[in-house]
Each structure stands twice: as C-alpha cells, then as structure tokens.
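The structure file my_file19.cif is reproduced below (mmCIF, C-alpha atoms).
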```cif
data_protein
#
loop_
_atom_site.label_atom_id
_atom_site.label_comp_id
_atom_site.auth_asym_id
_atom_site.auth_seq_id
_atom_site.Cartn_x
_atom_site.Cartn_y
_atom_site.Cartn_z
CA MET S 1 24.26 148.70 20.71
CA GLN S 2 21.55 147.04 22.86
CA ARG S 3 22.53 143.66 21.49
CA ILE S 4 26.17 144.33 22.43
CA LEU S 5 25.14 145.32 25.95
CA ARG S 6 23.07 142.15 26.37
CA THR S 7 26.00 140.01 25.21
CA THR S 8 28.39 141.80 27.54
CA SER S 9 26.12 141.34 30.56
CA THR S 10 26.19 137.56 30.18
CA VAL S 11 29.92 137.56 30.97
CA PHE S 12 29.30 138.50 34.59
CA MET S 13 27.86 136.29 37.30
CA GLY S 14 25.86 137.36 40.31
CA ARG S 15 24.43 140.85 40.83
CA PHE S 16 27.62 142.80 40.27
CA ASP S 17 27.80 144.01 36.68
CA PRO S 18 30.48 146.64 36.12
CA ALA S 19 29.50 147.07 32.48
CA SER S 20 25.88 147.89 33.31
CA SER S 21 26.92 150.30 36.06
CA LEU S 22 29.20 152.02 33.56
CA VAL S 23 26.34 152.31 31.07
CA GLN S 24 24.17 153.94 33.73
CA SER S 25 26.83 156.50 34.60
CA SER S 26 27.74 157.21 30.98
CA PRO S 27 24.93 157.41 28.36
CA THR S 28 27.27 156.78 25.41
CA PRO S 29 29.91 154.20 26.42
CA SER S 30 32.34 153.15 23.72
CA LEU S 31 32.38 149.63 22.32
CA GLU S 32 36.07 149.39 23.19
CA ARG S 33 35.39 150.26 26.82
CA ILE S 34 32.57 147.72 27.15
CA SER S 35 34.71 144.98 25.59
CA TYR S 36 37.57 145.92 27.91
CA LEU S 37 35.37 145.57 30.98
CA ALA S 38 33.96 142.27 29.76
CA GLN S 39 37.49 140.87 29.48
CA GLY S 40 38.76 142.30 32.74
CA TYR S 41 36.09 141.37 35.27
CA GLU S 42 35.32 137.92 36.63
CA ASN S 43 33.25 136.31 39.34
CA PRO S 44 35.41 136.05 42.52
CA TRP S 45 32.81 134.23 44.62
CA THR S 46 33.90 130.67 43.93
CA ILE S 47 34.19 127.72 46.30
CA PRO S 48 38.02 127.52 45.97
CA ASN S 49 38.30 131.21 46.85
CA PHE S 50 36.09 130.74 49.91
CA LEU S 51 38.26 127.79 50.99
CA CYS S 52 41.36 129.96 50.59
CA MET S 53 39.81 132.65 52.77
CA ALA S 54 38.89 130.01 55.35
CA ARG S 55 42.54 128.91 55.40
CA ILE S 56 43.62 132.51 55.96
CA GLY S 57 41.11 132.80 58.81
CA LEU S 58 42.48 129.64 60.45
CA SER S 59 46.04 131.01 60.45
CA PRO S 60 45.85 133.31 63.52
CA VAL S 61 43.86 130.67 65.42
CA LEU S 62 46.59 128.11 64.77
CA GLY S 63 49.28 130.60 65.77
CA TYR S 64 47.55 131.33 69.08
CA LEU S 65 47.11 127.63 69.89
CA ILE S 66 50.79 126.91 69.20
CA VAL S 67 51.95 129.80 71.39
CA GLU S 68 49.68 128.45 74.13
CA LYS S 69 51.25 124.98 73.57
CA GLU S 70 47.93 123.38 72.61
CA PHE S 71 49.70 121.06 70.20
CA HIS S 72 47.01 118.36 69.98
CA LEU S 73 44.32 120.82 68.92
CA SER S 74 46.65 122.81 66.65
CA LEU S 75 47.71 119.61 64.87
CA GLY S 76 44.05 118.78 64.19
CA LEU S 77 43.33 122.27 62.85
CA PHE S 78 46.43 122.11 60.68
CA VAL S 79 45.12 118.89 59.10
CA LEU S 80 41.81 120.71 58.46
CA ALA S 81 43.68 123.58 56.78
CA GLY S 82 45.51 121.04 54.63
CA ILE S 83 42.19 119.50 53.55
CA THR S 84 40.90 122.92 52.43
CA ASP S 85 44.11 123.35 50.40
CA LEU S 86 43.60 120.02 48.63
CA LEU S 87 39.90 120.70 48.05
CA ASP S 88 40.28 124.14 46.50
CA GLY S 89 42.90 122.83 44.07
CA TYR S 90 40.79 119.82 43.12
CA ILE S 91 37.64 121.88 42.54
CA ALA S 92 39.47 124.53 40.49
CA ARG S 93 41.06 121.86 38.26
CA ASN S 94 37.87 119.92 37.61
CA TRP S 95 35.21 122.65 37.27
CA ALA S 96 35.98 125.39 34.77
CA ASN S 97 33.48 127.84 36.29
CA GLN S 98 35.28 127.57 39.64
CA LYS S 99 38.65 128.64 38.22
CA SER S 100 39.63 132.31 38.46
CA ALA S 101 42.63 134.57 38.10
CA LEU S 102 41.97 135.78 41.64
CA GLY S 103 42.24 132.18 42.84
CA SER S 104 45.63 131.79 41.16
CA ALA S 105 46.90 134.58 43.43
CA LEU S 106 44.74 133.88 46.50
CA ASP S 107 45.76 130.23 46.84
CA PRO S 108 49.54 130.84 47.14
CA LEU S 109 48.83 133.94 49.27
CA ALA S 110 46.78 131.83 51.69
CA ASP S 111 49.61 129.28 51.81
CA LYS S 112 52.17 131.99 52.51
CA ILE S 113 50.08 133.57 55.29
CA LEU S 114 49.48 130.18 56.88
CA ILE S 115 53.12 129.14 56.60
CA SER S 116 54.40 132.49 57.90
CA VAL S 117 52.12 132.41 60.96
CA LEU S 118 52.97 128.77 61.68
CA TYR S 119 56.72 129.25 61.36
CA ILE S 120 56.74 132.34 63.57
CA SER S 121 54.65 130.63 66.26
CA LEU S 122 56.66 127.37 66.05
CA THR S 123 59.87 129.38 66.39
CA TYR S 124 58.39 131.08 69.47
CA ALA S 125 57.67 127.58 70.84
CA HIS S 126 61.34 126.60 70.13
CA LEU S 127 60.40 123.93 67.61
CA ILE S 128 61.93 125.59 64.50
CA PRO S 129 65.23 127.53 64.45
CA VAL S 130 65.15 131.33 64.06
CA PRO S 131 67.45 131.51 60.97
CA LEU S 132 65.21 129.14 58.98
CA THR S 133 62.08 131.13 59.83
CA ALA S 134 63.80 134.41 58.95
CA MET S 135 64.81 132.94 55.58
CA ILE S 136 61.27 131.77 54.79
CA ILE S 137 59.62 135.03 55.87
CA SER S 138 62.10 137.10 53.84
CA ARG S 139 61.36 135.09 50.70
CA ASP S 140 57.60 135.39 51.18
CA VAL S 141 57.77 139.14 51.81
CA ALA S 142 59.78 139.57 48.60
CA LEU S 143 57.25 137.50 46.61
CA ILE S 144 54.27 139.39 48.03
CA ALA S 145 55.98 142.69 47.16
CA ALA S 146 56.51 141.39 43.62
CA VAL S 147 52.82 140.45 43.36
CA PHE S 148 51.78 143.96 44.40
CA TYR S 149 54.20 145.42 41.86
CA VAL S 150 52.77 143.26 39.06
CA ARG S 151 49.26 144.23 40.11
CA TYR S 152 50.20 147.91 40.02
CA LYS S 153 51.80 147.62 36.57
CA THR S 154 48.88 145.69 35.04
CA VAL S 155 46.04 147.86 36.36
CA PRO S 156 45.39 150.43 33.62
CA PRO S 157 45.38 154.13 34.44
CA PRO S 158 43.88 155.89 36.21
CA ARG S 159 45.15 153.61 39.00
CA THR S 160 42.81 153.98 41.97
CA LEU S 161 42.72 152.06 45.25
CA SER S 162 39.23 150.79 44.51
CA LYS S 163 40.38 149.38 41.18
CA PHE S 164 43.65 148.02 42.63
CA PHE S 165 41.93 146.08 45.44
CA ASN S 166 38.80 145.09 43.50
CA PRO S 167 38.70 141.25 43.59
CA CYS S 168 36.38 141.19 40.56
CA TYR S 169 38.96 142.90 38.38
CA ALA S 170 41.52 140.39 37.12
CA THR S 171 44.61 141.74 35.39
CA ALA S 172 47.21 138.98 35.78
CA GLN S 173 47.49 135.29 36.62
CA LEU S 174 50.35 133.78 38.59
CA LYS S 175 52.04 130.53 37.58
CA PRO S 176 54.17 129.10 40.40
CA THR S 177 57.32 127.28 39.40
CA PHE S 178 57.73 123.55 39.93
CA ILE S 179 60.36 123.97 42.64
CA SER S 180 58.08 126.46 44.37
CA LYS S 181 55.35 123.80 44.58
CA VAL S 182 57.91 121.34 45.94
CA ASN S 183 59.09 123.93 48.46
CA THR S 184 55.55 124.55 49.71
CA ALA S 185 55.06 120.81 50.23
CA VAL S 186 58.39 120.53 52.10
CA GLN S 187 57.60 123.55 54.29
CA LEU S 188 54.20 122.13 55.21
CA THR S 189 55.79 118.74 55.94
CA LEU S 190 58.17 120.39 58.38
CA VAL S 191 55.25 122.21 60.03
CA ALA S 192 53.32 118.95 60.42
CA ALA S 193 56.38 117.15 61.79
CA SER S 194 57.13 120.01 64.20
CA LEU S 195 53.54 120.11 65.47
CA ALA S 196 53.53 116.36 65.97
CA ALA S 197 56.95 116.35 67.70
CA PRO S 198 55.74 117.36 71.20
CA VAL S 199 52.68 115.13 70.83
CA PHE S 200 54.71 112.01 69.95
CA GLN S 201 57.86 112.97 71.90
CA TYR S 202 60.55 113.36 69.21
CA VAL S 203 61.41 117.06 69.59
CA ASP S 204 65.22 116.60 69.48
CA SER S 205 65.30 113.99 66.73
CA VAL S 206 67.71 113.89 63.79
CA PHE S 207 64.66 113.58 61.55
CA LEU S 208 63.52 117.10 62.41
CA GLN S 209 67.00 118.56 62.02
CA THR S 210 67.32 116.93 58.59
CA LEU S 211 64.01 118.50 57.58
CA TRP S 212 65.39 121.92 58.61
CA TYR S 213 68.24 121.64 56.10
CA ILE S 214 66.02 120.26 53.32
CA THR S 215 63.54 123.12 53.85
CA ALA S 216 66.33 125.70 53.74
CA MET S 217 67.61 124.28 50.43
CA THR S 218 64.19 124.16 48.76
CA THR S 219 63.38 127.69 49.99
CA ALA S 220 66.60 129.05 48.48
CA ALA S 221 66.00 127.11 45.24
CA SER S 222 62.43 128.43 45.04
CA ALA S 223 63.54 132.04 45.52
CA TYR S 224 66.14 131.62 42.76
CA SER S 225 63.59 130.03 40.40
CA TYR S 226 61.32 133.08 40.68
CA TYR S 227 64.28 135.39 40.13
CA HIS S 228 65.51 133.34 37.16
CA CYS S 229 62.11 132.82 35.48
CA GLY S 230 60.89 136.35 36.12
CA LYS S 231 58.09 137.28 33.71
CA LYS S 232 57.45 133.65 32.78
CA THR S 233 55.62 133.18 36.10
CA VAL S 234 53.10 135.94 35.31
CA GLN S 235 50.45 135.85 32.58
CA VAL S 236 49.01 139.32 31.91
CA LEU S 237 45.29 139.14 31.11
CA ASN S 238 44.96 142.52 29.42
CA HIS S 239 47.08 144.42 26.93
CA THR S 240 47.25 147.77 28.68
CA LYS S 241 50.58 149.31 29.63
#
```

Take the structure from the file and write it as structure tokens.
Amino acid sequence: MQRILRTTSTVFMGRFDPASSLVQSSPTPSLERISYLAQGYENPWTIPNFLCMARIGLSPVLGYLIVEKEFHLSLGLFVLAGITDLLDGYIARNWANQKSALGSALDPLADKILISVLYISLTYAHLIPVPLTAMIISRDVALIAAVFYVRYKTVPPPRTLSKFFNPCYATAQLKPTFISKVNTAVQLTLVAASLAAPVFQYVDSVFLQTLWYITAMTTAASAYSYYHCGKKTVQVLNHTK
C-alpha cells in the first residue's frame, strides 16, 4: 500500500495533494479511490492559465476605457490581450506539462468574457449595432450554461460546491468546433476594426458594416455547430455517471 501511495503522489504537482489529504482523513483508503483521485486531479497553475486569467482581468479595464472614449489606450490594451491569447495557445501546444483540462475551458471562457465586455462597451459607444451584440451575448450565455451543465453531470456524487468549483479537479475537456474558432477570430477582428475606427476616422465605412454581417453569419453558424455536434465537443475524463 505504501508503494501505491508513493506512486500516486507523483501525479500531483506543487503542495496540493488531494490523495495524501484523503489518506490523512481516512486511515484505510481504497485502492479504487486513490486511483480515481490520481486520474481526476491536475495542476491548474500553468502559464497558459495565468495568461487566461490576465485576459479576464483586462476585460473590465478595456470596457471602462471604451465607455470613457479612450480609444487610443483601449486599442493598445486590446492588442496586449490578443498577445496573451496567442501566447497561451502556443505554450499549451508546445509544452505538454503546460496543457490542462482546465485550460481547455478557461481559454474559451476568457475569450467569451473579453468579447462580451468589448461588444457591450462598443455598443454603448455606438460603434457596434445593438442586435449584433444581443445575438453574440445570447450565444455565449447559452454556451456557458451548457459548460456548467456538463460540469455538473461529470462531477461524481456527492456533488458539493467545493468539488464543483475546484480548479484542480478536471472532469471534462472542451473541444471547440472549427467554425467556432473562425467565429472567434471574426468577432475579434470586428472589435479591432471598431476600436481603430474613431482613431483612424472611418466610423461610418462600408467596411465596418460588412464586418457586422459577416460576424452575424459566423455567430449563427457557430451556435448551430455546437447544437449539431453536441457531445462530440466534450471529452469526459472520468467514467462516473
């Protein structure tokens, strides 16, 4: 049994070791339970995850600057947010120890928070039409609700809040569809173009209006792709029901 415990402890990184804490609280843990914990927990403190959290933190700052019509500064910060997005993806793809199931959910969540804040603030500044923003926010709310539902269904009973919101406890991995990736790129292109419009004086251009229609089409196509693919976009990491 001691050999099993030593092997299990090597799965975890950092000081947090759920298996060892379980052993302390229960003098005779089952082999099945230890193996289950070893498969379910992961190290969430990776560079890509920190970059995602930085992007989330930049979102309200960007929203405030846009509302205050500080378009030069907000455009610069938006470029910085875009760099963090590129970096976290590059690091996660090229270093296996920096990839995590949490990151697969945190990265699109950070994108959705950033995009939602930017679209709402740009609509307030009269740079993006209200119907387009309402369409994008509705899709993102539906996807976030679906993520919470999948999380609830994949967390084994007893389902507690501490287990549900524990970032170390990975139960499922999200796989965005191809059209969803295209849609995110199009949405961010529209944000960049809208932020640059008052800086370079092309607010009422046909270029911007064309981007509105393209963004609406890719948003609708992305929503349908998630509805059509359903379970194919989610990889469950444990076998509990």

Practice task
Evaluate the PyMOL selection byres ((chain S and resi 182) around 12) here and jot the selected residues down as number ranges by chain.
Solution key: S: 176-181, 183-189, 214-215, 217-222, 225

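Pairwise distance (atom CA of S:Asp107, atom CA of S:Phe50) equals 10.2 Å.
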
On this file, the PyMOL selection byres ((chain S and resi 124) around 12) gives some set of residues; write that set as a short mmCIF file (atom, residue, chain, number, x, y, z; two decimals) with C-alpha atoms, keeping the file's coordinate frame.
```cif
data_model
loop_
_atom_site.label_atom_id
_atom_site.label_comp_id
_atom_site.auth_asym_id
_atom_site.auth_seq_id
_atom_site.Cartn_x
_atom_site.Cartn_y
_atom_site.Cartn_z
CA GLY S 63 49.28 130.60 65.77
CA TYR S 64 47.55 131.33 69.08
CA LEU S 65 47.11 127.63 69.89
CA ILE S 66 50.79 126.91 69.20
CA VAL S 67 51.95 129.80 71.39
CA GLU S 68 49.68 128.45 74.13
CA LYS S 69 51.25 124.98 73.57
CA VAL S 117 52.12 132.41 60.96
CA LEU S 118 52.97 128.77 61.68
CA TYR S 119 56.72 129.25 61.36
CA ILE S 120 56.74 132.34 63.57
CA SER S 121 54.65 130.63 66.26
CA LEU S 122 56.66 127.37 66.05
CA THR S 123 59.87 129.38 66.39
CA ALA S 125 57.67 127.58 70.84
CA HIS S 126 61.34 126.60 70.13
CA LEU S 127 60.40 123.93 67.61
CA ILE S 128 61.93 125.59 64.50
CA PRO S 129 65.23 127.53 64.45
CA VAL S 130 65.15 131.33 64.06
CA THR S 133 62.08 131.13 59.83
#
```

Problem - Atom-to-atom span, atom CA of S:Leu106 and atom CA of S:Leu208, Å - result: 29.8 Å

Exercise for the section: Between atom CA of S:Ala81 and atom CA of S:Arg55, measure the distance and give it in Å to one decimal. Expected result: 5.6 Å

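In this comparison, which uses all atoms listed in the file, the residue of S:Leu80, S:Ala92, S:Leu75, S:Val141 approaching S:Asn49 most closely is S:Ala92.
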
Exercise for the section: Can you turn the PyMOL selection byres ((chain S and resi 78) around 9) into a concrete residue list for this file, as a ChimeraX atom specification? Expected result: /S:58-59,62,73-77,79-83,191-192,195

Dump of C-alpha atoms for the selected residues, as a short mmCIF file (atom, residue, chain, number, x, y, z; two decimals), in the coordinates of the input:
```cif
data_model
loop_
_atom_site.label_atom_id
_atom_site.label_comp_id
_atom_site.auth_asym_id
_atom_site.auth_seq_id
_atom_site.Cartn_x
_atom_site.Cartn_y
_atom_site.Cartn_z
CA LEU S 58 42.48 129.64 60.45
CA SER S 59 46.04 131.01 60.45
CA LEU S 62 46.59 128.11 64.77
CA LEU S 73 44.32 120.82 68.92
CA SER S 74 46.65 122.81 66.65
CA LEU S 75 47.71 119.61 64.87
CA GLY S 76 44.05 118.78 64.19
CA LEU S 77 43.33 122.27 62.85
CA VAL S 79 45.12 118.89 59.10
CA LEU S 80 41.81 120.71 58.46
CA ALA S 81 43.68 123.58 56.78
CA GLY S 82 45.51 121.04 54.63
CA ILE S 83 42.19 119.50 53.55
CA VAL S 191 55.25 122.21 60.03
CA ALA S 192 53.32 118.95 60.42
CA LEU S 195 53.54 120.11 65.47
#
```

Exercise for the section: Please determine the residues with any atom at most 6 Å from (60.5, 137.5, 41.6) (coordinates as given in the file, with all atoms listed in the file counting) and report them as number ranges by chain. Expected result: S: 143, 146, 226-227, 230

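Of the residues listed (S:Leu86, S:Val206, S:Ile91, S:Leu190), S:Ile91 shows the shortest atom-to-atom separation from S:Thr46; distances use all atoms listed in the file.
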
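In this comparison, which uses all atoms listed in the file, the residue of S:Thr84, S:Ala196, S:His72, S:Arg151 approaching S:Cys52 most closely is S:Thr84.
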
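Minimum atom-to-atom distances from S:Ala216, S:Cys229, S:Leu87, S:Leu51 to S:Ala134 were compared using only C-alpha atoms, and the lowest value belongs to S:Ala216.
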